[in-house]
>>> print(open('coords_6.txt').read())   # compact mmCIF, C-alpha atoms
# COMPACT_ATOMS: atom_id res chain seq x y z
CA MET A 1 -49.25 46.04 34.68
CA ASN A 2 -49.70 44.31 31.36
CA THR A 3 -46.78 41.86 30.78
CA GLY A 4 -48.42 39.81 28.02
CA PRO A 5 -46.37 41.11 25.08
CA ARG A 6 -43.15 40.76 27.08
CA ARG A 7 -43.92 37.12 27.95
CA SER A 8 -44.84 36.45 24.31
CA SER A 9 -41.55 37.91 23.13
CA PHE A 10 -39.64 35.84 25.69
CA ARG A 11 -41.37 32.63 24.56
CA SER A 12 -40.62 33.44 20.92
CA ALA A 13 -36.98 34.11 21.70
CA ARG A 14 -36.73 30.84 23.60
CA ARG A 15 -38.28 28.90 20.71
CA LEU A 16 -35.81 30.50 18.32
CA ALA A 17 -32.91 29.58 20.60
CA VAL A 18 -34.07 25.94 20.76
CA LEU A 19 -34.45 25.86 16.97
CA ALA A 20 -31.00 27.37 16.49
CA THR A 21 -29.46 24.76 18.80
CA ALA A 22 -31.18 21.94 16.89
CA LEU A 23 -29.97 23.30 13.57
CA ALA A 24 -26.47 23.69 14.91
CA SER A 25 -26.43 20.02 15.87
CA VAL A 26 -27.61 18.90 12.43
CA VAL A 27 -25.89 21.22 9.96
CA PRO A 28 -22.30 20.36 10.92
CA LEU A 29 -23.02 16.65 10.51
CA THR A 30 -24.62 17.24 7.14
CA CYS A 31 -21.74 19.44 6.02
CA THR A 32 -19.16 16.93 7.27
CA ALA A 33 -20.77 14.07 5.35
CA ALA A 34 -21.06 16.20 2.23
CA THR A 35 -17.46 17.35 2.56
CA ALA A 36 -16.21 13.77 2.97
CA ALA A 37 -18.19 12.61 -0.06
CA THR A 38 -16.88 15.52 -2.12
CA ALA A 39 -13.32 14.81 -1.03
CA ALA A 40 -13.64 11.14 -2.01
CA THR A 41 -15.03 12.10 -5.41
CA GLU A 42 -12.26 14.61 -5.95
CA ARG A 43 -9.59 12.05 -5.06
CA ALA A 44 -11.02 9.54 -7.52
CA ALA A 45 -11.29 12.17 -10.24
CA ALA A 46 -7.71 13.25 -9.56
CA CYS A 47 -6.32 9.80 -10.48
CA THR A 48 -5.33 10.11 -14.11
CA GLY A 49 -2.95 7.18 -13.73
CA TYR A 50 -1.64 4.59 -11.27
CA VAL A 51 1.76 3.45 -10.07
CA GLY A 52 2.80 0.40 -8.08
CA LEU A 53 4.62 0.96 -4.80
CA THR A 54 6.33 -2.28 -3.75
CA PHE A 55 8.20 -3.28 -0.61
CA ASP A 56 10.34 -6.42 -0.49
CA ASP A 57 11.63 -8.68 2.30
CA GLY A 58 8.95 -8.29 4.97
CA PRO A 59 7.33 -8.77 7.27
CA SER A 60 9.87 -7.51 9.80
CA GLY A 61 10.29 -5.38 12.87
CA SER A 62 9.84 -2.37 10.60
CA THR A 63 6.53 -3.47 9.09
CA SER A 64 4.22 -1.79 11.60
CA ALA A 65 5.96 1.58 11.17
CA LEU A 66 5.81 1.18 7.39
CA LEU A 67 2.10 0.38 7.45
CA ASN A 68 1.44 3.42 9.64
CA ALA A 69 3.35 5.66 7.24
CA LEU A 70 1.48 4.27 4.24
CA ARG A 71 -1.91 4.74 5.92
CA GLN A 72 -1.12 8.24 7.13
CA ASN A 73 -0.29 9.27 3.58
CA GLY A 74 -3.24 7.55 1.92
CA LEU A 75 -1.06 5.05 0.08
CA ARG A 76 -1.46 1.36 -0.68
CA ALA A 77 1.36 -0.94 -1.71
CA THR A 78 2.26 -4.48 -2.70
CA MET A 79 4.28 -6.32 -0.05
CA PHE A 80 6.59 -8.96 -1.52
CA ASN A 81 7.05 -11.11 1.57
CA GLN A 82 9.66 -13.75 2.23
CA GLY A 83 7.99 -16.99 3.21
CA GLN A 84 10.22 -17.56 6.23
CA HIS A 85 9.27 -14.14 7.63
CA ALA A 86 5.57 -14.66 6.92
CA ALA A 87 5.67 -17.99 8.76
CA ALA A 88 7.44 -16.41 11.74
CA ASN A 89 5.24 -13.29 11.87
CA PRO A 90 1.68 -14.21 10.86
CA ALA A 91 0.19 -11.29 12.80
CA LEU A 92 2.18 -8.85 10.66
CA VAL A 93 0.92 -10.50 7.48
CA ARG A 94 -2.63 -10.02 8.73
CA ALA A 95 -1.77 -6.42 9.61
CA GLN A 96 -0.65 -5.85 6.02
CA VAL A 97 -3.99 -7.09 4.73
CA THR A 98 -5.97 -5.11 7.32
CA ALA A 99 -4.10 -1.97 6.27
CA GLY A 100 -5.27 -2.49 2.68
CA MET A 101 -2.02 -3.79 1.22
CA TRP A 102 -1.59 -6.59 -1.29
CA VAL A 103 0.58 -9.53 -0.23
CA ALA A 104 2.84 -11.27 -2.75
CA ASN A 105 5.54 -13.96 -2.99
CA HIS A 106 9.28 -13.15 -2.71
CA SER A 107 10.59 -16.71 -2.23
CA TYR A 108 11.09 -18.45 1.11
CA THR A 109 14.75 -17.76 1.97
CA HIS A 110 15.74 -15.13 -0.64
CA PRO A 111 18.30 -17.23 -2.56
CA HIS A 112 19.74 -16.73 -6.04
CA LEU A 113 17.04 -18.79 -7.74
CA THR A 114 18.85 -19.05 -11.08
CA GLN A 115 21.58 -21.05 -9.32
CA LEU A 116 19.13 -23.62 -7.94
CA SER A 117 17.61 -26.78 -9.38
CA GLN A 118 14.02 -26.80 -10.55
CA ALA A 119 13.01 -28.78 -7.45
CA GLN A 120 14.67 -26.22 -5.18
CA ILE A 121 12.99 -23.35 -7.01
CA ASP A 122 9.67 -25.14 -6.63
CA SER A 123 10.24 -25.50 -2.89
CA GLU A 124 11.07 -21.81 -2.47
CA ILE A 125 7.94 -20.70 -4.28
CA SER A 126 5.47 -23.31 -3.00
CA ARG A 127 6.47 -22.95 0.65
CA THR A 128 5.98 -19.19 0.42
CA GLN A 129 2.53 -19.64 -1.09
CA GLN A 130 1.65 -21.87 1.87
CA ALA A 131 3.24 -19.58 4.47
CA VAL A 132 1.46 -16.45 3.24
CA ALA A 133 -1.90 -18.21 2.95
CA GLY A 134 -1.43 -19.85 6.34
CA ALA A 135 -0.71 -16.45 7.91
CA GLY A 136 -3.93 -14.99 6.56
CA GLY A 137 -2.47 -13.15 3.59
CA GLY A 138 -4.51 -14.98 0.96
CA THR A 139 -2.99 -16.89 -1.94
CA PRO A 140 -0.44 -14.64 -3.70
CA LYS A 141 -0.90 -13.95 -7.39
CA LEU A 142 2.35 -12.05 -7.88
CA PHE A 143 5.94 -13.24 -7.55
CA ARG A 144 9.19 -11.29 -7.45
CA PRO A 145 12.41 -13.28 -7.73
CA PRO A 146 15.12 -12.19 -5.26
CA TYR A 147 17.61 -9.73 -6.76
CA GLY A 148 15.41 -9.65 -9.86
CA GLU A 149 17.26 -12.74 -11.09
CA THR A 150 15.11 -14.92 -13.31
CA ASN A 151 15.16 -17.32 -16.23
CA ALA A 152 12.77 -19.59 -18.11
CA THR A 153 12.83 -22.22 -15.35
CA VAL A 154 12.01 -19.72 -12.61
CA ARG A 155 9.16 -18.27 -14.68
CA SER A 156 7.73 -21.70 -15.53
CA VAL A 157 7.71 -22.81 -11.89
CA ALA A 158 6.07 -19.54 -10.84
CA ALA A 159 3.44 -19.97 -13.56
CA ARG A 160 2.70 -23.47 -12.26
CA TYR A 161 1.46 -21.82 -9.06
CA GLY A 162 -0.58 -19.24 -10.92
CA LEU A 163 1.95 -16.49 -10.24
CA THR A 164 2.83 -13.56 -12.48
CA GLU A 165 6.47 -12.49 -12.27
CA ILE A 166 6.88 -8.82 -11.36
CA LEU A 167 10.17 -6.95 -11.54
CA TRP A 168 10.29 -3.11 -11.53
CA ASN A 169 10.64 -0.06 -13.75
CA VAL A 170 12.32 2.17 -11.16
CA ASP A 171 14.84 1.04 -8.54
CA SER A 172 14.78 3.35 -5.53
CA GLN A 173 18.25 2.10 -4.52
CA ASP A 174 17.11 2.12 -0.89
CA TRP A 175 18.91 -1.23 -0.49
CA ASN A 176 22.11 0.52 -1.56
CA GLY A 177 21.92 3.28 1.05
CA ALA A 178 20.06 5.83 -1.07
CA SER A 179 19.07 8.93 0.88
CA THR A 180 15.48 9.96 1.43
CA ASP A 181 15.94 12.75 -1.14
CA ALA A 182 17.30 10.27 -3.69
CA ILE A 183 14.35 7.92 -3.13
CA VAL A 184 11.89 10.78 -3.64
CA GLN A 185 13.72 11.71 -6.85
CA ALA A 186 13.55 8.10 -8.04
CA ALA A 187 9.79 8.02 -7.45
CA ALA A 188 9.48 11.18 -9.53
CA ARG A 189 10.48 9.11 -12.58
CA LEU A 190 7.42 6.86 -12.29
CA THR A 191 4.86 7.11 -15.05
CA ASN A 192 1.41 5.56 -15.42
CA GLY A 193 1.46 1.78 -14.94
CA GLN A 194 5.03 1.62 -13.67
CA VAL A 195 6.40 -0.07 -10.56
CA ILE A 196 9.04 1.08 -8.06
CA LEU A 197 11.24 -1.21 -5.93
CA MET A 198 11.59 -0.40 -2.23
CA HIS A 199 12.18 -2.48 0.90
CA ASP A 200 10.18 -3.13 4.05
CA TRP A 201 13.18 -2.49 6.32
CA SER A 202 14.36 0.78 4.76
CA ALA A 203 13.94 3.74 7.12
CA ASN A 204 14.80 6.15 4.29
CA ALA A 205 12.09 4.71 2.03
CA ARG A 206 9.60 5.05 4.87
CA ALA A 207 10.67 8.65 5.50
CA ALA A 208 10.21 9.42 1.78
CA LEU A 209 6.54 8.41 1.73
CA PRO A 210 4.98 11.80 2.67
CA ARG A 211 6.85 13.52 -0.15
CA ILE A 212 6.19 10.68 -2.59
CA ALA A 213 2.46 10.94 -1.81
CA GLN A 214 2.49 14.69 -2.33
CA GLN A 215 4.48 14.40 -5.52
CA LEU A 216 2.23 11.71 -7.01
CA ALA A 217 -0.90 13.72 -6.18
CA GLY A 218 0.60 16.75 -7.89
CA ARG A 219 1.02 14.69 -11.06
CA GLY A 220 -2.45 13.13 -10.90
CA LEU A 221 -1.04 9.69 -10.08
CA CYS A 222 -2.38 7.36 -7.39
CA ALA A 223 -0.94 4.25 -5.75
CA GLY A 224 -2.64 1.27 -7.34
CA MET A 225 -2.54 -2.50 -7.41
CA ILE A 226 -0.41 -4.54 -9.80
CA SER A 227 -2.48 -6.45 -12.32
CA PRO A 228 -1.71 -10.19 -12.51
CA GLN A 229 -2.80 -10.03 -16.14
CA THR A 230 -0.52 -7.25 -17.35
CA GLY A 231 2.04 -6.74 -14.58
CA ARG A 232 1.24 -3.03 -14.63
CA ALA A 233 -0.21 -0.80 -11.93
CA VAL A 234 -3.96 -0.26 -12.27
CA ALA A 235 -6.87 1.09 -10.25
CA PRO A 236 -7.46 -0.97 -7.09
CA GLY A 237 -10.04 -3.66 -7.70
>>> encode(input="coords_6.txt", output="structure tokens")
Amino acid sequence: MNTGPRRSSFRSARRLAVLATALASVVPLTCTAATAATAATERAAACTGYVGLTFDDGPSGSTSALLNALRQNGLRATMFNQGQHAAANPALVRAQVTAGMWVANHSYTHPHLTQLSQAQIDSEISRTQQAVAGAGGGTPKLFRPPYGETNATVRSVAARYGLTEILWNVDSQDWNGASTDAIVQAAARLTNGQVILMHDWSANARAALPRIAQQLAGRGLCAGMISPQTGRAVAPG
């Protein structure tokens, strides 16, 4: 019995199956890479402006959860750390940097700086510079005075250390017990270049991040860095 054509058909079918398997292993990878590249391009194109998300008073026992929430929602922020906390928790300062955050100076012990002498102000600022750098956070370029209280002396001492004073345009009121809804509503007031005040330890601010991220994306705004030159939020450098 002549089985030649049948064997030929079987071999052809087997070759086609092998080829199909090879293609199946390649095409998904190619599509995945292309999709990722397209997504990255679309995200960049979607940023028609930038805002500065800031968190004061860390690092603390809440820092790891905050960093996870920021990462999960594709957000970056500026962390205004207290020097005493940075010195006590160097691993958390490094975690902030590893997570893509910017680390800044929020004084050493969080006093009312305008009630201190120039030498005391200098100590608060300089010790924080050393603590943050010593913890692996780099040398801060931004400074936020506790309570937003400042004067010419505070600004001149900060400038001596190459620091730009940063306050805020929008106060989330998280420090005052604001609800998650209220914090989301506060973030909705941000416009291009503006900065919002939040706190490292606030569970409600952390819980607001998914909705803040969604809301910003819907308005074409992205979380950016704060420029030491202008004090405004700009594209990450």
>>> closest_residue(input="coords_6.txt", among="A:Leu216, A:Val132, A:Leu70, A:Ala203", to="Val93 of chain A", atoms="only C-alpha atoms")
A:Val132
>>> closest_residue(input="coords_6.txt", among="A:Val51, A:Ile125, A:Val184, A:Ala213", to="Ala159 of chain A", atoms="only C-alpha atoms")
A:Ile125
>>> atom_distance(input="coords_6.txt", atom1="atom CA of Ser179 of chain A", atom2="atom CA of Ile212 of chain A")
13.5 Å
>>> closest_residue(input="coords_6.txt", among="A:Ala95, A:Ser227, A:Tyr147, A:Arg155", to="His110 of chain A", atoms="all atoms listed in the file")
A:Tyr147
>>> closest_residue(input="coords_6.txt", among="A:Gly138, A:Pro146, A:Gly100, A:Gly83", to="Gln115 of chain A", atoms="all atoms listed in the file")
A:Pro146
>>> atom_distance(input="coords_6.txt", atom1="atom CA of Asn192 of chain A", atom2="atom CA of Gly224 of chain A")
10.0 Å
